[in-house]
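So this block is data-v7.cif, mmCIF, C-alpha atoms and all ligand atoms:
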```cif
data_final
#
loop_
_atom_site.label_atom_id
_atom_site.label_comp_id
_atom_site.auth_asym_id
_atom_site.auth_seq_id
_atom_site.Cartn_x
_atom_site.Cartn_y
_atom_site.Cartn_z
CA MET Z 22 10.47 -21.30 -15.23
CA LYS Z 23 9.73 -17.68 -15.89
CA VAL Z 24 8.53 -16.15 -12.61
CA ILE Z 25 6.30 -13.05 -12.67
CA THR Z 26 5.65 -11.02 -9.52
CA PRO Z 27 4.18 -7.60 -8.75
CA ASP Z 28 6.83 -5.00 -7.85
CA TYR Z 29 5.84 -4.88 -4.19
CA TYR Z 30 6.29 -8.66 -3.77
CA PRO Z 31 9.81 -8.59 -2.19
CA LEU Z 32 8.70 -6.00 0.39
CA PHE Z 33 6.76 -8.57 2.40
CA HIS Z 34 8.16 -9.97 5.63
CA CYS Z 35 6.02 -11.66 8.22
CA ILE Z 36 5.82 -9.49 11.34
CA ALA Z 37 4.88 -12.53 13.47
CA SER Z 38 4.08 -11.54 17.06
CA ASP Z 39 3.65 -7.88 16.00
CA CYS Z 40 0.85 -8.87 13.64
CA PRO Z 41 -2.51 -7.29 14.60
CA ASP Z 42 -4.14 -10.59 13.66
CA THR Z 43 -2.66 -14.00 12.99
CA CYS Z 44 -2.93 -16.33 10.04
CA CYS Z 45 -2.71 -19.26 12.44
CA ALA Z 46 -6.28 -19.09 13.74
CA GLY Z 47 -9.72 -19.41 12.28
CA TRP Z 48 -8.98 -21.95 9.57
CA GLU Z 49 -7.56 -25.43 9.12
CA VAL Z 50 -3.99 -25.81 7.90
CA VAL Z 51 -3.71 -28.39 5.13
CA VAL Z 52 -0.46 -30.36 5.46
CA ASP Z 53 1.09 -31.34 2.13
CA PRO Z 54 2.09 -35.01 1.68
CA GLU Z 55 5.83 -34.27 1.81
CA ALA Z 56 5.55 -32.45 5.16
CA GLU Z 57 3.18 -35.12 6.46
CA LYS Z 58 5.84 -37.73 5.72
CA ARG Z 59 8.49 -35.69 7.56
CA TYR Z 60 6.21 -35.10 10.56
CA ARG Z 61 5.28 -38.78 10.78
CA ALA Z 62 8.99 -39.67 10.95
CA LEU Z 63 9.96 -36.89 13.37
CA ALA Z 64 11.37 -38.26 16.64
CA GLY Z 65 10.97 -36.75 20.10
CA PRO Z 66 8.22 -34.84 21.93
CA LEU Z 67 7.57 -32.38 19.06
CA GLY Z 68 7.04 -35.26 16.65
CA GLU Z 69 4.59 -36.80 19.13
CA ARG Z 70 2.79 -33.49 19.56
CA ILE Z 71 2.53 -32.89 15.81
CA ARG Z 72 1.14 -36.38 15.20
CA THR Z 73 -1.55 -36.01 17.85
CA SER Z 74 -2.66 -32.72 16.26
CA MET Z 75 -2.95 -34.17 12.77
CA GLY Z 76 -6.43 -34.95 11.48
CA GLU Z 77 -8.13 -35.58 8.18
CA ASP Z 78 -10.61 -33.52 6.20
CA GLU Z 79 -11.96 -34.78 2.88
CA GLY Z 80 -8.81 -36.78 2.25
CA ASP Z 81 -6.42 -33.96 3.24
CA CYS Z 82 -4.11 -34.19 6.20
CA ILE Z 83 -4.75 -31.14 8.41
CA PHE Z 84 -3.73 -29.59 11.70
CA THR Z 85 -6.96 -29.61 13.66
CA PRO Z 86 -7.53 -26.17 15.21
CA LYS Z 87 -8.10 -25.97 18.97
CA GLU Z 88 -11.54 -25.12 20.33
CA ASP Z 89 -10.75 -21.40 20.27
CA GLY Z 90 -9.85 -21.75 16.58
CA ARG Z 91 -6.10 -21.29 17.08
CA CYS Z 92 -3.56 -23.58 15.47
CA PRO Z 93 -2.30 -26.08 18.08
CA PHE Z 94 1.27 -24.85 17.48
CA LEU Z 95 0.57 -21.15 17.93
CA ASN Z 96 1.95 -20.26 21.35
CA LYS Z 97 0.85 -17.50 23.72
CA HIS Z 98 3.31 -15.08 22.09
CA ASN Z 99 1.59 -15.70 18.73
CA LEU Z 100 4.69 -17.49 17.46
CA CYS Z 101 4.82 -20.93 15.86
CA ASP Z 102 6.36 -23.74 17.95
CA ILE Z 103 7.22 -25.77 14.83
CA GLN Z 104 9.10 -22.86 13.28
CA ALA Z 105 10.84 -22.12 16.61
CA ALA Z 106 12.09 -25.72 16.84
CA LEU Z 107 12.75 -26.63 13.19
CA GLY Z 108 13.19 -23.29 11.41
CA GLU Z 109 11.24 -22.13 8.36
CA GLU Z 110 12.18 -25.31 6.45
CA GLY Z 111 10.31 -27.32 9.07
CA LEU Z 112 6.98 -25.72 8.13
CA CYS Z 113 4.48 -27.40 5.82
CA ARG Z 114 3.96 -25.84 2.38
CA THR Z 115 0.82 -23.91 3.38
CA CYS Z 116 2.55 -22.13 6.27
CA HIS Z 117 5.84 -21.72 4.40
CA LEU Z 118 4.11 -20.06 1.46
CA TYR Z 119 1.45 -17.93 3.12
CA PRO Z 120 0.54 -15.14 2.34
CA ARG Z 121 2.12 -15.67 -1.04
CA PHE Z 122 0.12 -17.37 -3.78
CA ILE Z 123 1.39 -19.28 -6.78
CA ASN Z 124 -0.37 -19.82 -10.10
CA ASP Z 125 1.48 -21.94 -12.66
CA PHE Z 126 0.77 -21.78 -16.38
CA GLY Z 127 3.07 -24.17 -18.24
CA GLY Z 128 6.56 -22.66 -18.10
CA THR Z 129 5.34 -19.46 -16.40
CA ARG Z 130 4.81 -19.09 -12.68
CA GLU Z 131 2.89 -16.09 -11.34
CA MET Z 132 3.27 -15.20 -7.67
CA GLY Z 133 1.71 -12.51 -5.54
CA LEU Z 134 0.63 -11.54 -2.05
CA SER Z 135 -2.75 -12.22 -0.57
CA LEU Z 136 -4.98 -9.52 0.90
CA SER Z 137 -5.90 -11.78 3.81
CA CYS Z 138 -2.64 -11.01 5.62
CA PRO Z 139 -2.67 -7.58 7.33
CA GLU Z 140 0.99 -6.91 6.55
CA ALA Z 141 0.58 -7.88 2.88
CA ALA Z 142 -2.61 -5.80 2.66
CA GLN Z 143 -0.74 -2.83 4.09
CA ILE Z 144 1.89 -3.16 1.35
CA ILE Z 145 -0.62 -3.76 -1.46
CA LEU Z 146 -2.97 -0.96 -0.46
CA THR Z 147 -0.47 1.73 0.47
CA THR Z 148 2.30 1.53 -2.15
CA PRO Z 149 2.27 4.92 -3.86
CA SER Z 150 1.60 3.72 -7.41
CA LEU Z 151 -0.06 0.73 -9.01
CA PRO Z 152 2.37 -2.17 -9.30
CA GLY Z 153 4.26 -3.06 -12.40
CA PHE Z 154 5.33 -6.68 -12.81
CA SER Z 155 8.84 -8.12 -12.79
CA GLU Z 156 9.92 -11.18 -14.76
CA GLU Z 157 12.84 -13.40 -13.80
CA ASN Z 158 14.11 -16.66 -15.21
CA HIS Z 159 14.49 -19.49 -12.71
CA PRO Z 160 15.79 -22.54 -14.61
CA GLU Z 161 16.02 -24.47 -11.31
CA ILE Z 162 12.19 -24.44 -11.02
CA LEU Z 163 10.84 -27.07 -13.34
CA PRO Z 164 7.27 -26.91 -14.61
CA ASP Z 165 4.88 -29.65 -13.55
CA LEU Z 166 2.98 -31.63 -16.11
CA ASN Z 167 -0.21 -29.75 -16.91
CA ASP Z 168 -3.15 -29.81 -19.29
CA LEU Z 169 -2.95 -26.17 -20.35
CA ASP Z 170 -4.39 -25.47 -23.79
CA ALA Z 171 -1.99 -23.00 -25.44
CA GLY Z 172 -4.65 -21.30 -27.60
CA ARG Z 173 -6.94 -20.71 -24.65
CA TYR Z 174 -4.05 -19.54 -22.46
CA PHE Z 175 -2.96 -16.84 -24.92
CA ALA Z 176 -6.56 -15.73 -25.45
CA VAL Z 177 -7.30 -15.42 -21.72
CA LYS Z 178 -3.93 -13.75 -21.15
CA ALA Z 179 -4.75 -11.15 -23.83
CA VAL Z 180 -8.07 -10.49 -22.08
CA ARG Z 181 -6.41 -10.28 -18.68
CA ASP Z 182 -3.77 -7.82 -19.99
CA LYS Z 183 -6.48 -5.66 -21.51
CA VAL Z 184 -8.49 -5.68 -18.28
CA LEU Z 185 -5.37 -4.77 -16.27
CA SER Z 186 -4.74 -1.80 -18.55
CA MET Z 187 -8.41 -0.66 -18.63
CA THR Z 188 -8.77 -0.78 -14.84
CA ALA Z 189 -5.47 1.03 -14.23
CA GLU Z 190 -6.93 4.46 -15.07
CA GLY Z 191 -10.09 6.45 -15.74
CA ASP Z 192 -13.46 6.00 -14.10
CA VAL Z 193 -13.51 2.82 -11.98
CA ASP Z 194 -17.14 1.91 -12.67
CA GLU Z 195 -16.79 2.37 -16.42
CA ALA Z 196 -13.56 0.36 -16.44
CA LEU Z 197 -15.25 -2.45 -14.50
CA MET Z 198 -18.19 -2.57 -16.90
CA LEU Z 199 -15.92 -2.47 -19.95
CA SER Z 200 -13.92 -5.33 -18.44
CA LEU Z 201 -17.11 -7.28 -17.79
CA ARG Z 202 -18.25 -6.69 -21.35
CA LEU Z 203 -14.93 -7.84 -22.77
CA CYS Z 204 -14.95 -10.95 -20.58
CA ARG Z 205 -18.55 -11.77 -21.56
CA LYS Z 206 -17.73 -11.60 -25.25
CA ALA Z 207 -14.41 -13.41 -24.91
CA ASP Z 208 -15.94 -16.09 -22.68
CA HIS Z 209 -18.50 -16.80 -25.36
CA ARG Z 210 -15.82 -17.24 -28.02
CA ILE Z 211 -13.72 -19.42 -25.74
CA GLN Z 212 -16.73 -21.65 -24.97
CA GLU Z 213 -17.23 -21.95 -28.74
CA ASP Z 214 -13.60 -23.12 -28.94
CA GLU Z 215 -12.54 -20.06 -30.92
CA PRO Z 216 -9.79 -18.60 -28.72
CA GLU Z 217 -8.18 -16.77 -31.63
CA LYS Z 218 -11.38 -14.72 -31.99
CA ALA Z 219 -11.24 -13.84 -28.29
CA GLU Z 220 -7.66 -12.64 -28.78
CA ALA Z 221 -8.67 -10.55 -31.82
CA LEU Z 222 -11.51 -9.06 -29.77
CA CYS Z 223 -8.96 -7.51 -27.41
CA GLU Z 224 -7.04 -5.90 -30.26
CA ASN Z 225 -10.18 -4.28 -31.72
CA PHE Z 226 -11.92 -3.38 -28.47
CA ASP Z 227 -12.85 0.31 -28.70
CA PRO Z 228 -13.71 1.46 -25.13
CA LEU Z 229 -15.84 4.51 -26.07
CA HIS Z 230 -17.98 2.60 -28.52
CA GLN Z 231 -18.26 -0.44 -26.24
CA LEU Z 232 -19.24 1.70 -23.26
CA GLU Z 233 -22.11 3.29 -25.18
CA LYS Z 234 -23.36 -0.17 -26.10
CA GLU Z 235 -23.08 -1.39 -22.52
CA LYS Z 236 -24.96 1.66 -21.20
CA ALA Z 237 -27.77 1.08 -23.69
CA ARG Z 238 -27.90 -2.60 -22.75
CA SER Z 239 -28.28 -2.05 -19.03
CA GLU Z 240 -30.47 1.07 -19.18
CA LYS Z 241 -33.73 -0.69 -18.42
CA ALA Z 242 -32.37 -3.54 -16.29
CA LYS Z 243 -33.04 -3.97 -12.56
CA PRO Z 244 -29.84 -2.97 -10.75
CA LEU Z 245 -28.00 -5.41 -8.56
CA CYS Z 246 -28.82 -4.06 -5.09
CA ALA Z 247 -26.93 -3.91 -1.80
CA GLU Z 248 -29.45 -6.22 -0.13
CA THR Z 249 -28.76 -8.99 -2.65
CA VAL Z 250 -24.99 -8.65 -2.22
CA THR Z 251 -25.05 -8.77 1.59
CA GLY Z 252 -27.66 -11.54 1.49
CA GLU Z 253 -25.27 -13.55 -0.66
CA LEU Z 254 -22.39 -12.96 1.77
CA MET Z 255 -24.61 -14.11 4.66
CA GLU Z 256 -25.33 -17.39 2.88
CA LEU Z 257 -21.65 -18.27 2.55
CA LEU Z 258 -19.72 -20.26 5.10
CA ILE Z 259 -18.81 -17.73 7.82
CA LEU Z 260 -15.57 -18.26 9.75
CA ARG Z 261 -15.80 -15.63 12.45
CA ASP Z 262 -18.75 -14.29 14.45
CA SER Z 263 -17.35 -10.77 14.06
CA TRP Z 264 -17.83 -11.09 10.28
CA ARG Z 265 -21.44 -12.20 10.71
CA ALA Z 266 -22.06 -9.22 13.02
CA LYS Z 267 -20.48 -6.89 10.45
CA LEU Z 268 -22.82 -8.20 7.75
CA GLU Z 269 -25.86 -8.00 9.99
CA LYS Z 270 -25.12 -4.42 10.96
CA ALA Z 271 -24.34 -3.17 7.44
CA SER Z 272 -26.42 -0.16 6.47
CA LEU Z 273 -27.70 -0.72 2.97
CA PRO Z 274 -27.98 2.09 0.45
CA GLU Z 275 -31.29 1.87 -1.37
CA ALA Z 276 -30.17 2.59 -4.90
CA LYS Z 277 -26.65 3.49 -6.07
CA ILE Z 278 -23.96 1.97 -3.86
CA PRO Z 279 -21.52 4.85 -3.25
CA PRO Z 280 -17.93 4.21 -4.36
CA LEU Z 281 -14.90 4.30 -2.07
CA ASP Z 282 -11.58 5.98 -2.77
CA PRO Z 283 -10.73 5.14 -6.42
CA GLY Z 284 -7.04 4.56 -5.58
CA TYR Z 285 -7.98 1.94 -2.99
CA GLU Z 286 -10.49 0.25 -5.29
CA ARG Z 287 -8.03 0.21 -8.17
CA ARG Z 288 -5.37 -1.59 -6.12
CA ILE Z 289 -7.83 -4.27 -5.10
CA ILE Z 290 -9.17 -4.69 -8.62
CA GLN Z 291 -5.66 -4.99 -10.09
CA LEU Z 292 -4.71 -7.65 -7.56
CA LEU Z 293 -7.88 -9.70 -8.09
CA VAL Z 294 -7.55 -9.44 -11.88
CA PHE Z 295 -3.92 -10.55 -11.72
CA ARG Z 296 -4.70 -13.38 -9.33
CA TYR Z 297 -7.90 -14.82 -10.75
CA LEU Z 298 -8.62 -14.06 -14.40
CA LEU Z 299 -5.88 -16.16 -15.95
CA LYS Z 300 -7.14 -19.23 -14.08
CA ALA Z 301 -9.84 -19.26 -16.76
CA ALA Z 302 -7.13 -20.62 -19.07
CA TYR Z 303 -7.69 -23.91 -17.20
CA ASP Z 304 -11.42 -23.89 -16.51
CA GLY Z 305 -12.89 -21.39 -18.98
CA ARG Z 306 -14.75 -19.48 -16.23
CA LEU Z 307 -13.69 -16.06 -17.43
CA LEU Z 308 -17.00 -14.22 -17.09
CA ALA Z 309 -17.79 -15.73 -13.68
CA ARG Z 310 -14.36 -14.68 -12.38
CA MET Z 311 -14.81 -11.12 -13.64
CA LYS Z 312 -18.21 -11.02 -11.97
CA PHE Z 313 -16.51 -12.13 -8.75
CA ILE Z 314 -14.24 -9.07 -9.00
CA LEU Z 315 -17.22 -6.72 -9.47
CA PHE Z 316 -19.07 -8.45 -6.64
CA SER Z 317 -16.04 -7.97 -4.37
CA VAL Z 318 -15.84 -4.26 -5.16
CA LEU Z 319 -19.56 -3.83 -4.44
CA SER Z 320 -19.27 -5.84 -1.19
CA LEU Z 321 -16.41 -3.65 0.03
CA ARG Z 322 -18.29 -0.50 -0.98
CA ILE Z 323 -21.34 -1.55 1.03
CA LEU Z 324 -19.38 -2.62 4.11
CA GLY Z 325 -16.75 0.11 3.89
CA GLN Z 326 -18.94 3.23 3.96
CA GLY Z 327 -17.61 5.83 6.41
CA LEU Z 328 -14.52 3.82 7.40
CA ASN Z 329 -11.11 5.44 7.69
CA GLN Z 330 -8.18 3.98 5.76
CA GLU Z 331 -7.03 1.70 8.53
CA SER Z 332 -10.50 0.25 9.15
CA LEU Z 333 -10.93 -0.17 5.42
CA ARG Z 334 -7.74 -2.24 5.32
CA THR Z 335 -9.02 -4.41 8.16
CA LEU Z 336 -12.30 -4.86 6.30
CA THR Z 337 -10.40 -5.91 3.18
CA VAL Z 338 -8.34 -8.45 5.13
CA ASN Z 339 -11.50 -9.89 6.67
CA TYR Z 340 -13.34 -10.02 3.33
CA SER Z 341 -10.40 -11.83 1.81
CA ARG Z 342 -10.24 -14.34 4.69
CA GLU Z 343 -13.94 -15.03 4.74
CA VAL Z 344 -14.72 -15.10 1.04
CA GLU Z 345 -11.62 -15.45 -1.10
CA HIS Z 346 -9.72 -17.90 1.04
CA CYS Z 347 -12.50 -20.39 1.44
CA GLU Z 348 -12.61 -22.71 -1.57
CA GLU Z 349 -16.18 -23.68 -0.77
CA ASN Z 350 -17.31 -20.04 -0.77
CA MET Z 351 -15.46 -19.26 -3.98
CA GLU Z 352 -16.99 -22.24 -5.74
CA LYS Z 353 -20.47 -21.33 -4.53
CA LEU Z 354 -20.09 -17.78 -5.79
CA LEU Z 355 -18.67 -18.79 -9.18
CA ARG Z 356 -21.60 -21.15 -9.70
CA LYS Z 357 -24.06 -18.39 -8.85
CA PHE Z 358 -22.34 -16.02 -11.27
CA GLU Z 359 -22.39 -18.65 -14.01
CA LYS Z 360 -26.10 -19.16 -13.58
CA GLY Z 361 -26.81 -15.44 -13.93
CA GLY Z 362 -29.87 -14.94 -11.72
CA HIS Z 363 -29.37 -11.61 -9.92
CA TYR Z 364 -25.87 -11.41 -11.35
CA THR Z 365 -26.38 -10.65 -15.02
CA ALA Z 366 -24.01 -8.22 -16.73
CA LYS Z 367 -27.04 -5.94 -17.21
CA ALA Z 368 -27.77 -5.92 -13.47
CA PHE Z 369 -24.15 -4.96 -12.72
CA GLY Z 370 -24.38 -2.29 -15.45
CA ALA Z 371 -27.61 -0.85 -14.04
CA GLN Z 372 -25.87 -0.52 -10.64
CA LEU Z 373 -22.55 0.84 -11.91
CA LEU Z 374 -23.32 2.97 -14.95
CA PRO Z 375 -25.20 6.27 -14.70
S1 LIG Y 1 -1.08 -12.80 8.93
FE1 LIG Y 1 0.76 -12.22 7.75
S2 LIG Y 1 2.01 -10.90 9.11
FE2 LIG Y 1 0.41 -11.93 10.36
S3 LIG Y 1 1.45 -13.75 11.18
FE3 LIG Y 1 0.45 -14.40 9.27
S4 LIG Y 1 1.96 -14.10 7.60
FE4 LIG Y 1 2.70 -13.00 9.42
#
```

Just give me the structure of the file as structure tokens.
Ligand code: SF4
Amino acid sequence: MKVITPDYYPLFHCIASDCPDTCCAGWEVVVDPEAEKRYRALAGPLGERIRTSMGEDEGDCIFTPKEDGRCPFLNKHNLCDIQAALGEEGLCRTCHLYPRFINDFGGTREMGLSLSCPEAAQIILTTPSLPGFSEENHPEILPDLNDLDAGRYFAVKAVRDKVLSMTAEGDVDEALMLSLRLCRKADHRIQEDEPEKAEALCENFDPLHQLEKEKARSEKAKPLCAETVTGELMELLILRDSWRAKLEKASLPEAKIPPLDPGYERRIIQLLVFRYLLKAAYDGRLLARMKFILFSVLSLRILGQGLNQESLRTLTVNYSREVEHCEENMEKLLRKFEKGGHYTAKAFGAQLLP
């Protein structure tokens, strides 16, 4: 397969017991069937211990967290007992992979780092320039069977590339609204089963002209407000009490939500665009995914006011853990964005464009 990664990807190494947080608490670990088979056959006390900690959730084999939320194999030094005994190969796929993510598209595999790990977030948010992407051929990795529609893939990829280039420079708010406009138009053509028109749209997309149109469109709309965004976050599944307290204490600007450092916002936007937009090649939810990216930026702006860089990184890690890493939350948000409601493109435009 062809493997694509952002330039900072090889810089990541887990800092284990030096980690200011841990990825082994606060959520269930799903054990893949191959690891489950190995653990069920493992002899000795560790095998016994693993088997007694295995549970089931909606058909998935999981490690049931302890009452304090910690993984049953996380010891008092914040190290993993399974890894200590069996080495990295002994881990299940979730633990072996984290915080890396993998998205496969036919013969192309895209990999990146997740913002929910403090060490990965440090790398992503502090590398001096925006990442380029490296491509390598790995013939030993064979593609799985998949139902990817080639026409839709190339159309969504063209949109994603355009969004990556538009959000890499210039005014962040304008770039976000241009990206939303492009995704709205392309989404429509993809739903009409005309992916070639979506691809052509990217080639002829004139930012100045399109921005004027978008400004005119959202001029009289009711802006998406901070109260709606935090209210939405409060309605999601909340993993940690500290996150609930953060949401409850947030001070809400009445009108325009002030932006944060553009360099910080750009890095987050680029990562989310790289990670999520191309998934629309499978499910067609291009516009909803772009709205998720705008929603994330607004959420971080609201919650990040007045924070120094380090606290902002912690906020980003927590946002990623609470919102992005919970499938249930992501699905709930995407459905909301598909319905429109408070989250129309005009409402985003009225908030983001002067
Ligand atoms: S959160 Fe990241 S750095 Fe911390 S223990 Fe997990 S993988 Fe390692």

- Query: Hey, what's within 9 Å of segment 235-247 of chain Z if we count all atoms listed in the file and toss same-chain stuff fewer than 5 positions away? As a list in words, please?
  - Reply: Met198, Leu199, Arg202, His230, Gly252, Leu273, Pro274, Glu275, Ala276, Lys277, Ile278, Leu319, Ser320, Ile323, His363, Tyr364, Thr365, Ala366, Lys367, Ala368, Phe369, Gly370, Ala371, Gln372, Leu373, Leu374 and Pro375 of chain Z

How close does each residue of chain Z get to ligand LIG 1 (chain Y), giving the shortest atom pair and distance in Å to one decimal for every residue with an atom at most 7 Å away, counting all atoms listed in the file, sorted by chain and residue number, as a tab-separated table?
```
residue	atom	partner	partner_atom	distance
Z:Cys35	CA	Y:LIG1	FE4	3.8
Z:Ile36	CA	Y:LIG1	S2	4.6
Z:Ala37	CA	Y:LIG1	S3	4.3
Z:Ser38	CA	Y:LIG1	S3	6.8
Z:Cys40	CA	Y:LIG1	FE2	4.5
Z:Pro41	CA	Y:LIG1	FE2	6.9
Z:Asp42	CA	Y:LIG1	FE2	5.8
Z:Thr43	CA	Y:LIG1	S3	4.5
Z:Cys44	CA	Y:LIG1	FE3	4.0
Z:Cys45	CA	Y:LIG1	FE3	6.6
Z:Tyr119	CA	Y:LIG1	S4	5.9
Z:Pro120	CA	Y:LIG1	S4	5.5
Z:Cys138	CA	Y:LIG1	S1	4.1
Z:Pro139	CA	Y:LIG1	S1	5.7
Z:Glu140	CA	Y:LIG1	S2	4.8
Z:Ala141	CA	Y:LIG1	FE1	6.5
```

- Taking only C-alpha atoms into account, which of Z:Glu77, Z:Glu110, Z:Glu190, Z:Glu49 comes nearest Gly284 of chain Z?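 Using only C-alpha atoms, Gly284 of chain Z sits closest to Z:Glu190.
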
List the neighbours of Gly172 of chain Z out to 12 Å using only C-alpha atoms; skip same-chain residues closer than 5 positions along the sequence, and give me the result as a short mmCIF file (atom, residue, chain, number, x, y, z; two decimals) with C-alpha atoms, in the frame of the given file.
```
data_model
loop_
_atom_site.label_atom_id
_atom_site.label_comp_id
_atom_site.auth_asym_id
_atom_site.auth_seq_id
_atom_site.Cartn_x
_atom_site.Cartn_y
_atom_site.Cartn_z
CA VAL Z 177 -7.30 -15.42 -21.72
CA LYS Z 178 -3.93 -13.75 -21.15
CA ALA Z 179 -4.75 -11.15 -23.83
CA ARG Z 210 -15.82 -17.24 -28.02
CA ILE Z 211 -13.72 -19.42 -25.74
CA ASP Z 214 -13.60 -23.12 -28.94
CA GLU Z 215 -12.54 -20.06 -30.92
CA PRO Z 216 -9.79 -18.60 -28.72
CA GLU Z 217 -8.18 -16.77 -31.63
CA LYS Z 218 -11.38 -14.72 -31.99
CA ALA Z 219 -11.24 -13.84 -28.29
CA GLU Z 220 -7.66 -12.64 -28.78
CA ALA Z 302 -7.13 -20.62 -19.07
CA TYR Z 303 -7.69 -23.91 -17.20
CA GLY Z 305 -12.89 -21.39 -18.98
#
```

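Atom to atom, atom CA of Met255 of chain Z and atom CA of Ala271 of chain Z stand 11.3 Å apart.
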
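Nearest residue to Arg70 of chain Z, choosing from Z:Lys312, Z:Leu336, Z:Asn350, Z:Phe84 and counting all atoms listed in the file: Z:Phe84.
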
- Task: Kindly give the distance, in Å, that separates atom CA of Ile145 of chain Z and atom CA of Ile289 of chain Z, rounded to a single decimal.
- Result: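 Atom-to-atom, atom CA of Ile145 of chain Z and atom CA of Ile289 of chain Z are spaced 8.1 Å apart.
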
- Task: May I have the residues within 10 Å of Ile259 of chain Z as a list in words, using only C-alpha atoms and disregarding those fewer than 3 positions away in the same chain?
- Result: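 Residues near the query, excluding close chain neighbours: Leu254, Met255, Glu256, Asp262, Ser263, Trp264, Arg265, Arg342, Glu343, Val344, Cys347 and Asn350 of chain Z.
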
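Proximity of Z:Val50, Z:Thr115, Z:Gln330, Z:Met75 to Arg91 of chain Z, computed with all atoms listed in the file, is greatest for Z:Val50.
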
- From the set Z:Asp182, Z:Glu269, Z:Asn339, Z:His346, which residue has the shortest atom-to-atom contact distance to Leu298 of chain Z, counting only C-alpha atoms?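 For Leu298 of chain Z, the nearest of the candidates is Z:Asp182.
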
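Reported to one decimal place, the separation of atom CA of Glu157 of chain Z from atom CA of Asp125 of chain Z is 14.3 Å.
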
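Of the listed residues (Z:Thr26, Z:Cys223, Z:Tyr285, Z:Leu118), Z:Thr26 comes nearest to Asn158 of chain Z; the distances count all atoms listed in the file.
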
- Item | Option closest in space to Leu112 of chain Z, from Z:Glu349, Z:Glu248, Z:Asp192, Z:Asp53 [counting only C-alpha atoms] | Z:Asp53

Using all atoms of segment 325-330 of chain Z listed in the file and a margin of 3 Å per side, can you give the axis-aligned box centre and edge lengths in Å to one decimal, as AutoDock Vina command-line options?
```
--center_x -13.6 --center_y 3.0 --center_z 5.8 --size_x 16.8 --size_y 11.7 --size_z 9.8
```

- Task: Find the spatial neighbours of Pro86 of chain Z, counting only C-alpha atoms, within a cut-off of 8 Å - ignore same-chain residues fewer than 2 positions away - and output them as a ChimeraX atom specification.
- Result: /Z:46-49,84,88-93
